[in-house]
>>> print(open('protein.cif').read())   # mmCIF, C-alpha atoms
data_input
loop_
_atom_site.label_atom_id
_atom_site.label_comp_id
_atom_site.auth_asym_id
_atom_site.auth_seq_id
_atom_site.Cartn_x
_atom_site.Cartn_y
_atom_site.Cartn_z
CA MET G 1000 -59.77 17.83 65.71
CA ILE G 1001 -56.61 19.89 65.76
CA VAL G 1002 -56.38 23.46 64.50
CA LEU G 1003 -53.00 24.68 63.26
CA LYS G 1004 -52.93 28.46 63.52
CA THR G 1005 -50.43 29.72 60.99
CA ASN G 1006 -49.47 33.20 59.88
CA TYR G 1007 -51.39 32.38 56.68
CA GLY G 1008 -54.60 31.32 58.47
CA ALA G 1009 -56.03 28.29 60.29
CA ILE G 1010 -55.89 24.69 59.07
CA SER G 1011 -58.17 22.15 60.77
CA ILE G 1012 -57.09 18.57 60.67
CA GLU G 1013 -58.61 15.28 61.68
CA LEU G 1014 -56.41 12.41 62.77
CA ASN G 1015 -57.23 8.84 61.76
CA PHE G 1016 -56.77 6.82 64.96
CA GLU G 1017 -58.48 3.84 63.43
CA LYS G 1018 -56.23 3.39 60.40
CA ALA G 1019 -53.01 4.93 61.74
CA PRO G 1020 -53.15 4.58 65.55
CA LYS G 1021 -49.43 4.94 66.23
CA SER G 1022 -48.81 7.86 63.88
CA ALA G 1023 -51.96 9.71 65.02
CA ALA G 1024 -51.09 9.19 68.70
CA SER G 1025 -47.56 10.43 68.12
CA PHE G 1026 -48.75 13.58 66.33
CA LEU G 1027 -51.35 14.24 69.05
CA GLN G 1028 -48.71 13.92 71.76
CA TYR G 1029 -46.36 16.38 70.02
CA ALA G 1030 -49.34 18.73 69.61
CA LYS G 1031 -50.35 18.49 73.27
CA ASP G 1032 -46.75 18.98 74.40
CA GLY G 1033 -46.64 22.28 72.49
CA PHE G 1034 -43.81 20.89 70.36
CA TYR G 1035 -45.22 22.35 67.15
CA ASP G 1036 -45.75 25.86 68.53
CA GLY G 1037 -43.40 28.16 66.66
CA THR G 1038 -42.34 25.53 64.11
CA ILE G 1039 -42.36 26.30 60.40
CA PHE G 1040 -43.30 24.69 57.11
CA HIS G 1041 -39.70 24.47 55.98
CA ARG G 1042 -40.08 22.53 52.72
CA VAL G 1043 -42.68 23.69 50.22
CA ILE G 1044 -43.02 22.26 46.69
CA SER G 1045 -46.09 23.65 44.97
CA ASP G 1046 -46.99 20.63 42.85
CA PHE G 1047 -46.10 18.05 45.49
CA MET G 1048 -46.40 18.68 49.23
CA VAL G 1049 -45.74 21.11 52.09
CA GLN G 1050 -43.65 19.76 54.96
CA GLY G 1051 -43.23 20.99 58.51
CA GLY G 1052 -42.99 20.05 62.16
CA GLY G 1053 -39.25 19.79 62.58
CA PHE G 1054 -37.73 23.26 62.36
CA GLU G 1055 -38.18 26.49 64.28
CA THR G 1056 -37.91 29.94 62.76
CA GLY G 1057 -34.44 30.60 61.38
CA MET G 1058 -34.26 26.97 60.14
CA ALA G 1059 -33.17 25.68 63.56
CA GLN G 1060 -33.83 21.94 63.72
CA LYS G 1061 -35.69 20.75 66.82
CA PRO G 1062 -34.61 17.61 68.69
CA ASN G 1063 -36.91 14.70 67.88
CA GLY G 1064 -38.55 12.02 69.96
CA GLU G 1065 -38.62 8.29 69.33
CA PRO G 1066 -39.27 7.05 65.77
CA VAL G 1067 -42.71 5.65 64.97
CA GLU G 1068 -43.44 2.38 63.17
CA ASN G 1069 -44.44 3.02 59.55
CA GLU G 1070 -48.18 2.49 59.06
CA ALA G 1071 -48.24 3.14 55.31
CA ASP G 1072 -49.83 -0.28 54.71
CA ASN G 1073 -53.14 0.94 56.18
CA GLY G 1074 -54.85 1.43 52.82
CA LEU G 1075 -54.89 5.25 53.00
CA SER G 1076 -53.59 7.01 49.92
CA ASN G 1077 -51.45 10.15 49.63
CA VAL G 1078 -54.14 12.24 47.94
CA VAL G 1079 -54.68 16.00 48.06
CA GLY G 1080 -55.36 17.22 51.57
CA THR G 1081 -54.03 14.21 53.45
CA LEU G 1082 -51.37 14.39 56.16
CA ALA G 1083 -48.54 11.87 56.12
CA MET G 1084 -45.48 11.15 58.21
CA ALA G 1085 -42.21 12.54 56.80
CA ARG G 1086 -39.12 10.42 57.27
CA THR G 1087 -35.67 9.58 55.93
CA SER G 1088 -35.04 6.67 53.55
CA ASP G 1089 -35.47 4.33 56.55
CA PRO G 1090 -39.23 3.53 56.49
CA HIS G 1091 -39.49 3.51 60.29
CA SER G 1092 -37.70 6.77 61.00
CA ALA G 1093 -40.64 9.20 61.24
CA THR G 1094 -40.81 11.42 64.34
CA SER G 1095 -42.38 14.88 64.48
CA GLN G 1096 -42.17 15.95 60.84
CA PHE G 1097 -45.23 15.59 58.65
CA PHE G 1098 -46.38 16.80 55.27
CA ILE G 1099 -49.64 17.78 53.65
CA ASN G 1100 -50.11 16.40 50.13
CA VAL G 1101 -51.09 19.14 47.67
CA SER G 1102 -51.21 16.74 44.70
CA ASP G 1103 -52.48 13.20 44.34
CA ASN G 1104 -49.15 11.54 45.09
CA HIS G 1105 -50.07 7.90 44.62
CA PHE G 1106 -46.45 7.03 44.02
CA LEU G 1107 -45.87 7.70 47.75
CA ASP G 1108 -48.29 4.93 48.73
CA HIS G 1109 -47.30 1.59 50.21
CA ARG G 1110 -46.45 -1.09 47.64
CA ASN G 1111 -44.62 -3.72 49.65
CA LYS G 1112 -42.54 -4.08 52.79
CA THR G 1113 -39.16 -3.38 51.26
CA GLU G 1114 -37.28 -0.23 52.20
CA GLN G 1115 -37.76 1.08 48.68
CA ASP G 1116 -41.49 0.51 48.34
CA TRP G 1117 -42.78 0.89 51.90
CA GLY G 1118 -44.31 4.27 51.20
CA TYR G 1119 -45.38 7.16 53.41
CA ALA G 1120 -47.97 6.67 56.16
CA VAL G 1121 -51.11 8.78 55.84
CA PHE G 1122 -52.56 9.48 59.30
CA GLY G 1123 -54.97 12.36 58.86
CA ARG G 1124 -56.57 14.90 56.56
CA VAL G 1125 -57.36 18.57 56.31
CA VAL G 1126 -61.08 19.12 57.04
CA GLU G 1127 -61.09 22.90 56.85
CA GLY G 1128 -58.66 25.55 55.64
CA MET G 1129 -57.46 23.91 52.44
CA GLU G 1130 -57.41 27.43 50.97
CA VAL G 1131 -54.74 28.24 53.56
CA VAL G 1132 -52.71 25.19 52.50
CA ASN G 1133 -53.04 26.35 48.89
CA LYS G 1134 -51.74 29.78 49.86
CA ILE G 1135 -48.78 28.15 51.59
CA LYS G 1136 -47.95 25.88 48.65
CA ASN G 1137 -47.62 28.92 46.40
CA VAL G 1138 -45.18 30.96 48.49
CA ASP G 1139 -41.81 31.85 47.01
CA THR G 1140 -39.05 29.44 47.98
CA GLY G 1141 -35.28 29.31 47.83
CA SER G 1142 -32.27 27.68 49.47
CA SER G 1143 -31.49 28.26 53.12
CA GLY G 1144 -29.08 26.61 55.54
CA GLY G 1145 -28.24 23.81 53.11
CA HIS G 1146 -31.91 23.06 52.47
CA GLN G 1147 -33.86 23.57 49.25
CA ASP G 1148 -37.48 24.64 48.74
CA VAL G 1149 -37.48 26.75 51.90
CA PRO G 1150 -40.08 29.56 51.95
CA VAL G 1151 -38.41 32.95 51.57
CA ILE G 1152 -40.92 34.43 54.04
CA GLU G 1153 -41.39 31.98 56.91
CA VAL G 1154 -44.63 30.03 57.21
CA VAL G 1155 -45.06 29.65 60.97
CA ILE G 1156 -47.36 27.44 63.02
CA GLU G 1157 -47.95 29.98 65.76
CA SER G 1158 -50.02 27.70 67.98
CA LEU G 1159 -52.21 24.61 67.95
CA ASP G 1160 -55.63 24.04 69.46
CA VAL G 1161 -56.46 20.45 70.33
CA PHE G 1162 -60.14 19.54 70.60
CA GLU G 1163 -60.52 16.01 71.87
CA GLU G 1164 -63.79 14.32 71.03
CA GLU G 1165 -65.78 12.06 73.37
CA MET J 612 -35.75 34.55 25.38
CA PRO J 613 -36.08 31.32 27.38
CA SER J 614 -34.17 28.35 26.06
CA ARG J 615 -35.91 25.72 23.95
CA ILE J 616 -34.27 22.33 24.03
CA LEU J 617 -35.27 19.29 21.98
CA LEU J 618 -34.40 15.68 22.74
CA ILE J 619 -34.91 12.64 20.52
CA SER J 620 -33.70 9.04 20.49
CA ASP J 621 -34.13 5.67 18.83
CA LEU J 622 -34.68 6.78 15.25
CA HIS J 623 -32.89 3.62 14.11
CA LEU J 624 -32.19 5.18 10.71
CA GLU J 625 -31.53 2.59 8.02
CA ASP J 626 -31.82 2.33 4.24
CA SER J 627 -34.97 0.21 4.44
CA ARG J 628 -36.91 2.99 6.20
CA PRO J 629 -36.55 6.11 4.04
CA ASP J 630 -39.82 7.37 5.57
CA ILE J 631 -38.12 7.75 8.96
CA THR J 632 -35.08 9.44 7.45
CA ASN J 633 -37.38 11.89 5.64
CA ALA J 634 -39.35 12.53 8.82
CA PHE J 635 -36.07 13.28 10.59
CA PHE J 636 -35.02 15.76 7.90
CA GLU J 637 -38.43 17.44 8.12
CA PHE J 638 -38.15 17.56 11.90
CA LEU J 639 -34.78 19.28 11.57
CA GLN J 640 -36.08 21.74 9.01
CA SER J 641 -39.14 22.69 11.02
CA ASN J 642 -37.03 23.35 14.11
CA SER J 643 -34.10 24.93 12.34
CA GLY J 644 -33.02 28.16 13.98
CA ASN J 645 -35.70 28.04 16.67
CA CYS J 646 -34.16 25.85 19.34
CA THR J 647 -31.15 26.29 21.56
CA SER J 648 -29.95 22.73 21.33
CA LEU J 649 -30.81 19.25 20.12
CA TYR J 650 -29.88 16.13 22.07
CA ILE J 651 -29.88 12.75 20.33
CA LEU J 652 -29.90 10.13 23.08
CA GLY J 653 -28.67 7.09 21.22
CA ASP J 654 -29.61 4.80 18.35
CA LEU J 655 -29.79 7.51 15.75
CA PHE J 656 -28.72 4.70 13.43
CA GLU J 657 -29.90 1.10 13.41
CA VAL J 658 -26.36 -0.06 12.80
CA TRP J 659 -22.94 1.61 12.86
CA ILE J 660 -19.76 -0.23 12.06
CA GLY J 661 -17.38 2.71 12.18
CA ASP J 662 -17.06 6.36 11.16
CA ASP J 663 -14.99 5.27 8.18
CA ASN J 664 -17.99 3.50 6.63
CA HIS J 665 -19.26 6.40 4.55
CA THR J 666 -22.71 5.56 3.21
CA GLU J 667 -25.24 7.67 1.40
CA LEU J 668 -27.39 7.61 4.54
CA SER J 669 -24.61 8.62 6.92
CA GLN J 670 -23.48 11.43 4.65
CA SER J 671 -26.96 12.84 4.13
CA VAL J 672 -27.64 12.76 7.89
CA ALA J 673 -24.33 14.49 8.60
CA ALA J 674 -25.16 17.17 6.03
CA ALA J 675 -28.62 17.75 7.49
CA LEU J 676 -27.23 18.04 11.03
CA ARG J 677 -24.51 20.40 9.84
CA ASP J 678 -27.15 22.65 8.29
CA PHE J 679 -29.16 22.51 11.51
CA ALA J 680 -26.09 23.50 13.54
CA SER J 681 -25.23 26.35 11.21
CA ALA J 682 -28.74 27.78 11.77
CA GLY J 683 -27.70 28.38 15.38
CA SER J 684 -28.45 25.26 17.45
CA SER J 685 -25.95 23.11 19.34
CA ILE J 686 -26.14 19.40 18.66
CA TYR J 687 -25.21 16.69 21.15
CA ILE J 688 -25.05 13.03 20.22
CA MET J 689 -24.99 10.11 22.64
CA ARG J 690 -24.26 6.57 21.52
CA GLY J 691 -26.92 3.90 21.85
CA ASN J 692 -26.80 0.12 21.94
CA ARG J 693 -26.99 0.00 18.13
CA ASP J 694 -24.61 2.81 17.20
CA PHE J 695 -22.16 2.39 20.10
CA LEU J 696 -19.26 2.68 17.63
CA LEU J 697 -20.26 6.14 16.50
CA GLY J 698 -17.20 8.29 17.04
CA GLU J 699 -15.65 11.74 17.14
CA GLU J 700 -15.04 11.80 13.41
CA PHE J 701 -18.71 11.48 12.53
CA ALA J 702 -19.68 13.92 15.30
CA LYS J 703 -17.27 16.43 13.82
CA GLN J 704 -18.81 15.90 10.39
CA CYS J 705 -22.20 16.79 11.87
CA ASN J 706 -20.78 19.77 13.75
CA ALA J 707 -22.01 18.01 16.90
CA LEU J 708 -20.51 17.13 20.25
CA LEU J 709 -20.31 13.50 21.28
CA LEU J 710 -21.54 12.91 24.84
CA ASN J 711 -20.38 10.37 27.40
CA GLU J 712 -22.89 7.73 28.43
CA ARG J 713 -24.08 9.85 31.36
CA PHE J 714 -24.61 13.55 30.87
CA VAL J 715 -26.25 16.15 33.09
CA LEU J 716 -28.21 18.70 31.10
CA LYS J 717 -28.30 21.98 33.02
CA THR J 718 -29.91 25.30 32.24
CA ASP J 719 -30.87 28.15 34.57
CA ASP J 720 -34.34 26.62 35.02
CA PHE J 721 -33.97 22.91 34.43
CA SER J 722 -31.64 20.03 34.97
CA ALA J 723 -31.81 16.33 34.18
CA LEU J 724 -29.63 13.27 33.88
CA LEU J 725 -29.49 11.99 30.28
CA ILE J 726 -28.62 8.42 29.34
CA HIS J 727 -29.48 6.09 26.47
CA GLY J 728 -31.22 3.71 28.88
CA ASP J 729 -29.76 0.29 28.12
CA GLN J 730 -27.63 0.63 31.27
CA LEU J 731 -30.84 0.36 33.32
CA CYS J 732 -31.86 -3.04 31.92
CA ILE J 733 -29.64 -4.97 34.31
CA ASP J 734 -32.06 -7.91 34.56
CA ASP J 735 -31.14 -8.82 30.98
CA LEU J 736 -27.91 -10.56 31.94
CA GLU J 737 -27.17 -11.78 28.45
CA TYR J 738 -27.38 -8.27 27.04
CA MET J 739 -25.31 -6.78 29.87
CA GLU J 740 -22.56 -9.27 29.09
CA PHE J 741 -22.63 -8.29 25.41
CA ARG J 742 -22.64 -4.61 26.40
CA ASN J 743 -19.57 -5.02 28.62
CA MET J 744 -17.76 -6.64 25.74
CA VAL J 745 -18.56 -4.11 23.03
CA ARG J 746 -18.17 -1.04 25.22
CA ASN J 747 -14.64 -2.09 26.11
CA THR J 748 -12.15 0.28 24.44
CA HIS J 749 -9.72 -2.52 23.54
CA TRP J 750 -12.48 -4.55 21.91
CA GLN J 751 -13.60 -1.48 19.97
CA LYS J 752 -10.06 -0.71 18.81
CA ASP J 753 -9.57 -4.28 17.60
CA PHE J 754 -12.94 -4.34 15.93
CA LEU J 755 -12.48 -1.03 14.14
CA ALA J 756 -9.13 -2.27 12.79
CA LYS J 757 -10.91 -5.08 10.93
CA PRO J 758 -11.94 -4.66 7.28
CA LEU J 759 -15.38 -3.12 6.74
CA ALA J 760 -16.76 -6.33 5.21
CA GLU J 761 -15.85 -8.33 8.30
CA ARG J 762 -17.35 -5.70 10.60
CA SER J 763 -20.50 -5.69 8.54
CA THR J 764 -20.84 -9.47 8.84
CA PHE J 765 -20.40 -9.28 12.61
CA ALA J 766 -23.02 -6.51 12.90
CA GLY J 767 -25.46 -8.54 10.81
CA SER J 768 -25.13 -11.63 12.95
CA ALA J 769 -25.26 -9.62 16.20
CA ARG J 770 -28.52 -8.04 15.06
CA GLN J 771 -29.92 -11.42 14.13
CA GLN J 772 -28.98 -12.89 17.50
CA SER J 773 -30.38 -9.91 19.35
CA LYS J 774 -33.65 -10.21 17.41
CA GLN J 775 -33.99 -13.90 18.25
CA ALA J 776 -33.09 -13.33 21.89
CA THR J 777 -35.57 -10.47 22.18
CA GLU J 778 -38.41 -12.69 21.02
CA SER J 779 -37.79 -15.15 23.84
CA LYS J 780 -37.29 -12.60 26.62
CA SER J 781 -40.05 -11.39 28.89
CA ASN J 782 -41.14 -7.76 28.89
CA GLU J 783 -40.00 -7.34 32.48
CA ILE J 784 -36.47 -8.46 31.69
CA MET J 785 -36.17 -6.00 28.82
CA ASP J 786 -37.54 -3.06 30.77
CA VAL J 787 -35.57 -0.96 33.22
CA ASN J 788 -34.75 -2.19 36.70
CA GLN J 789 -36.46 0.18 39.16
CA ALA J 790 -33.73 -0.05 41.80
CA GLU J 791 -31.12 0.78 39.17
CA VAL J 792 -33.14 3.85 38.14
CA GLU J 793 -33.01 5.05 41.74
CA ASN J 794 -29.28 4.29 41.95
CA PHE J 795 -28.65 6.41 38.86
CA LEU J 796 -30.69 9.31 40.23
CA ARG J 797 -29.11 9.16 43.68
CA ALA J 798 -25.60 8.98 42.25
CA SER J 799 -26.25 12.03 40.08
CA GLY J 800 -28.20 14.05 42.63
CA GLU J 801 -30.74 14.79 39.89
CA ILE J 802 -34.50 14.30 40.16
CA VAL J 803 -35.25 14.06 36.46
CA LEU J 804 -33.96 11.17 34.35
CA ILE J 805 -34.45 11.19 30.58
CA HIS J 806 -33.73 8.15 28.44
CA GLY J 807 -34.85 6.16 25.43
CA HIS J 808 -33.97 2.57 24.49
CA THR J 809 -37.00 0.71 25.88
CA HIS J 810 -39.43 2.08 23.27
CA ARG J 811 -41.97 2.66 26.06
CA PRO J 812 -42.60 6.40 25.96
CA ALA J 813 -44.00 7.68 29.25
CA ILE J 814 -43.46 10.05 32.14
CA HIS J 815 -43.18 8.07 35.37
CA GLN J 816 -43.36 9.73 38.77
CA ILE J 817 -41.20 7.96 41.29
CA GLU J 818 -40.22 8.43 44.90
CA VAL J 819 -36.49 8.27 45.50
CA GLY J 820 -36.46 8.39 49.29
CA GLY J 821 -34.72 11.62 50.21
CA ASN J 822 -33.16 12.07 53.61
CA THR J 823 -35.16 15.20 54.22
CA GLY J 824 -38.60 13.84 53.38
CA PRO J 825 -40.40 12.46 50.37
CA LEU J 826 -38.61 13.23 47.13
CA LYS J 827 -40.46 13.28 43.85
CA ALA J 828 -38.48 12.28 40.81
CA ARG J 829 -39.47 11.80 37.17
CA ARG J 830 -38.31 9.23 34.66
CA VAL J 831 -39.10 10.46 31.20
CA VAL J 832 -38.87 7.88 28.43
CA LEU J 833 -38.60 8.87 24.77
CA GLY J 834 -40.31 6.71 22.19
CA ASP J 835 -38.74 5.16 19.11
CA TRP J 836 -39.55 6.52 15.67
CA ASP J 837 -41.71 4.05 13.83
CA GLU J 838 -45.34 4.87 13.15
CA SER J 839 -44.93 8.17 14.94
CA LEU J 840 -42.04 10.38 15.87
CA TRP J 841 -41.34 11.24 19.51
CA PHE J 842 -39.53 14.16 21.03
CA ILE J 843 -39.17 16.04 24.29
CA GLU J 844 -39.37 19.79 24.34
CA ILE J 845 -37.97 21.70 27.32
CA CYS J 846 -38.90 25.37 27.50
CA GLY J 847 -37.76 27.16 30.64
CA ASP J 848 -38.66 24.73 33.44
CA GLN J 849 -41.42 22.96 31.50
CA LEU J 850 -40.91 19.53 29.98
CA ASN J 851 -43.28 18.05 27.40
CA LEU J 852 -43.15 14.62 25.82
CA GLN J 853 -44.71 14.84 22.38
CA ASN J 854 -45.45 12.65 19.42
CA GLN J 855 -46.67 13.17 15.87
CA PRO J 856 -47.72 10.71 13.20
CA LEU J 857 -44.79 9.99 10.93
CA ASN J 858 -46.59 10.98 7.74
CA SER J 859 -47.96 14.32 8.97
#
>>> encode(input="protein.cif", output="structure tokens")
Amino acid sequence: MIVLKTNYGAISIELNFEKAPKSAASFLQYAKDGFYDGTIFHRVISDFMVQGGGFETGMAQKPNGEPVENEADNGLSNVVGTLAMARTSDPHSATSQFFINVSDNHFLDHRNKTEQDWGYAVFGRVVEGMEVVNKIKNVDTGSSGGHQDVPVIEVVIESLDVFEEE
Amino acid sequence: MPSRILLISDLHLEDSRPDITNAFFEFLQSNSGNCTSLYILGDLFEVWIGDDNHTELSQSVAAALRDFASAGSSIYIMRGNRDFLLGEEFAKQCNALLLNERFVLKTDDFSALLIHGDQLCIDDLEYMEFRNMVRNTHWQKDFLAKPLAERSTFAGSARQQSKQATESKSNEIMDVNQAEVENFLRASGEIVLIHGHTHRPAIHQIEVGGNTGPLKARRVVLGDWDESLWFIEICGDQLNLQNQPLNS
């Protein structure tokens, strides 16, 4: 289990190593390396998802690691409370950025292996602290540094606790 | 007061369906003076052979729209695949503005790309060929120079051919091409697309692959007026697709 300690409260997440081994391992490594400490949820859309893991306070983009193979064909669906890998229009371009679905976004699920329909890989879920996610999804947003839907008051992941089982 | 915008399409008004014409006049009356603007996204008429063909139907519709405009609403008319020859003269008669085939509707709280929708049916090669021909300005100029009787004969046979062709075409071919939908949205930078044409009213959520993360877009399809009337109401940032039985 991993606990994201934000300025809005703690969010506990569970990674799915069985269904999304590569994505989960990548996220865990970033977490252990302290990469996410001090990053922000920089893209917040209240009826869609909250996205973070790539920018520091002041909307400074962090350098990314190697892209991870897209595991969206693992049968997991982008429903409320799930974590999925954010990426560009290239299906296999995900690195550190992730998002938490705050709606049932089935249209983000894998349909086929074309660039257009590959979908977004779900690799974990929120097990505790969904009320914190709901607080975050409702913050006021605006434009900042050429980006839209940026929280006016920063939502910061101050630190992460990693509890490895077994 | 927040803006209230109404959008309709595919009324296919014709003499043989006075019930639809009446429903349209009632729709205008009931919304007269209480909406900012009305957008008609194509196929207001089932057939249109030129603005110079003054019929009882065309004149009564123009009068009704003029009244609606004088009550304080702006009217915007887009051409459809049936009334693609509708022109500035008729628009002027209605006190309406004629829109190009792609138009971005923008308010303080809402924006969307508006099209008729036939442009998205690119899998229907036969239709696309016909469309390229009749949307050509030279073809239109030549056609409009012909006597009304000749134009009317052409329109009749084109409708007949289209009807026969439609019966033999699969549903998939006559629906929109998904990749083309995404192309239209990407090219416009909009995340809401509103159209008619397919007669398949629905609100589809689609992902259009943003470069910054997942991007949620909506394709909102107006229904045709037949057994019920369909319209979209946009108030502030809220969009609603609504329908009512025609005889209510």
>>> resolve_selection(input="protein.cif", expression="the PyMOL selection byres ((chain G) within 7 of (chain J))", output="VMD selection string")
chain G and resid 1085 to 1088 1106 to 1107
>>> closest_residue(input="protein.cif", among="J:Leu676, J:Ala756, J:Met785, J:Leu696", to="Phe636 (chain J)", atoms="all atoms listed in the file")
J:Leu676
>>> resolve_selection(input="protein.cif", expression="the PyMOL selection byres ((chain J and resi 724-739) around 6)", output="VMD selection string")
chain J and resid 652 to 653 691 712 to 715 723 740 to 742 784 786 to 788 791 804 to 808
>>> resolve_selection(input="protein.cif", expression="the PyMOL selection byres ((chain G and resi 1071) around 7)", output="list in words")
Asn1069, Glu1070, Asp1072, Asn1073, Asp1108, His1109, Trp1117, Gly1118, Tyr1119, Ala1120 and Val1121 of chain G
>>> atom_distance(input="protein.cif", atom1="CA of Ser641 (chain J)", atom2="CA of Asn858 (chain J)")
14.3 Å
>>> atom_distance(input="protein.cif", atom1="CA of Ser1045 (chain G)", atom2="CA of Leu1082 (chain G)")
15.5 Å
>>> residues_near_point(input="protein.cif", point="(-33.8, 26.9, 34.9)", cutoff="12 Å", atoms="all atoms listed in the file", output="ChimeraX atom specification")
/J:613-616,716-723,845-850
>>> residues_near_point(input="protein.cif", point="(-29.8, 11.2, 19.5)", cutoff="8 Å", atoms="only C-alpha atoms", output="PDB file with C-alpha atoms, in the frame of the given file")
ATOM      1  CA  LEU J 618     -34.400  15.680  22.740  1.00  0.00           C
ATOM      2  CA  ILE J 619     -34.910  12.640  20.520  1.00  0.00           C
ATOM      3  CA  SER J 620     -33.700   9.040  20.490  1.00  0.00           C
ATOM      4  CA  ASP J 621     -34.130   5.670  18.830  1.00  0.00           C
ATOM      5  CA  LEU J 622     -34.680   6.780  15.250  1.00  0.00           C
ATOM      6  CA  TYR J 650     -29.880  16.130  22.070  1.00  0.00           C
ATOM      7  CA  ILE J 651     -29.880  12.750  20.330  1.00  0.00           C
ATOM      8  CA  LEU J 652     -29.900  10.130  23.080  1.00  0.00           C
ATOM      9  CA  GLY J 653     -28.670   7.090  21.220  1.00  0.00           C
ATOM     10  CA  ASP J 654     -29.610   4.800  18.350  1.00  0.00           C
ATOM     11  CA  LEU J 655     -29.790   7.510  15.750  1.00  0.00           C
ATOM     12  CA  TYR J 687     -25.210  16.690  21.150  1.00  0.00           C
ATOM     13  CA  ILE J 688     -25.050  13.030  20.220  1.00  0.00           C
ATOM     14  CA  MET J 689     -24.990  10.110  22.640  1.00  0.00           C
ATOM     15  CA  ARG J 690     -24.260   6.570  21.520  1.00  0.00           C
TER      16      ARG J 690
END
>>> residues_around(input="protein.cif", residues="Thr1005 (chain G)", least_positions_apart="2", cutoff="8 Å", atoms="all atoms listed in the file", output="tab-separated table (two decimals) with C-alpha atoms, in the coordinates of the input")
chain	number	residue	atom	x	y	z
G	1003	LEU	CA	-53.00	24.68	63.26
G	1007	TYR	CA	-51.39	32.38	56.68
G	1008	GLY	CA	-54.60	31.32	58.47
G	1009	ALA	CA	-56.03	28.29	60.29
G	1010	ILE	CA	-55.89	24.69	59.07
G	1154	VAL	CA	-44.63	30.03	57.21
G	1155	VAL	CA	-45.06	29.65	60.97
G	1156	ILE	CA	-47.36	27.44	63.02
G	1157	GLU	CA	-47.95	29.98	65.76
G	1158	SER	CA	-50.02	27.70	67.98
>>> atom_distance(input="protein.cif", atom1="CA of Ser763 (chain J)", atom2="CA of Trp750 (chain J)")
15.6 Å
>>> decode(input="protein.cif", residues="region 669-682 of chain J", atoms="N, CA and C atoms", output="short mmCIF file (atom, residue, chain, number, x, y, z; two decimals), in the first residue's frame")
data_model
loop_
_atom_site.label_atom_id
_atom_site.label_comp_id
_atom_site.auth_asym_id
_atom_site.auth_seq_id
_atom_site.Cartn_x
_atom_site.Cartn_y
_atom_site.Cartn_z
N SER J 669 -42.22 28.16 -47.77
CA SER J 669 -41.00 28.95 -47.52
C SER J 669 -41.35 30.34 -46.97
N GLN J 670 -42.43 30.91 -47.49
CA GLN J 670 -42.80 32.25 -47.05
C GLN J 670 -43.36 32.27 -45.63
N SER J 671 -44.10 31.21 -45.28
CA SER J 671 -44.64 31.18 -43.92
C SER J 671 -43.53 30.92 -42.90
N VAL J 672 -42.54 30.09 -43.29
CA VAL J 672 -41.41 29.84 -42.39
C VAL J 672 -40.59 31.11 -42.21
N ALA J 673 -40.35 31.82 -43.31
CA ALA J 673 -39.59 33.07 -43.22
C ALA J 673 -40.30 34.07 -42.31
N ALA J 674 -41.63 34.14 -42.45
CA ALA J 674 -42.39 35.08 -41.62
C ALA J 674 -42.30 34.71 -40.14
N ALA J 675 -42.41 33.42 -39.86
CA ALA J 675 -42.36 32.96 -38.46
C ALA J 675 -40.97 33.25 -37.86
N LEU J 676 -39.92 33.02 -38.65
CA LEU J 676 -38.57 33.27 -38.14
C LEU J 676 -38.33 34.77 -37.94
N ARG J 677 -38.88 35.56 -38.86
CA ARG J 677 -38.76 37.01 -38.73
C ARG J 677 -39.40 37.50 -37.42
N ASP J 678 -40.58 36.96 -37.15
CA ASP J 678 -41.27 37.32 -35.89
C ASP J 678 -40.43 36.93 -34.69
N PHE J 679 -39.85 35.73 -34.77
CA PHE J 679 -39.03 35.21 -33.67
C PHE J 679 -37.82 36.13 -33.44
N ALA J 680 -37.21 36.56 -34.55
CA ALA J 680 -36.04 37.45 -34.46
C ALA J 680 -36.44 38.80 -33.87
N SER J 681 -37.62 39.28 -34.27
CA SER J 681 -38.01 40.61 -33.80
C SER J 681 -38.37 40.60 -32.31
N ALA J 682 -38.60 39.38 -31.75
CA ALA J 682 -38.85 39.29 -30.30
C ALA J 682 -37.54 39.30 -29.51
#
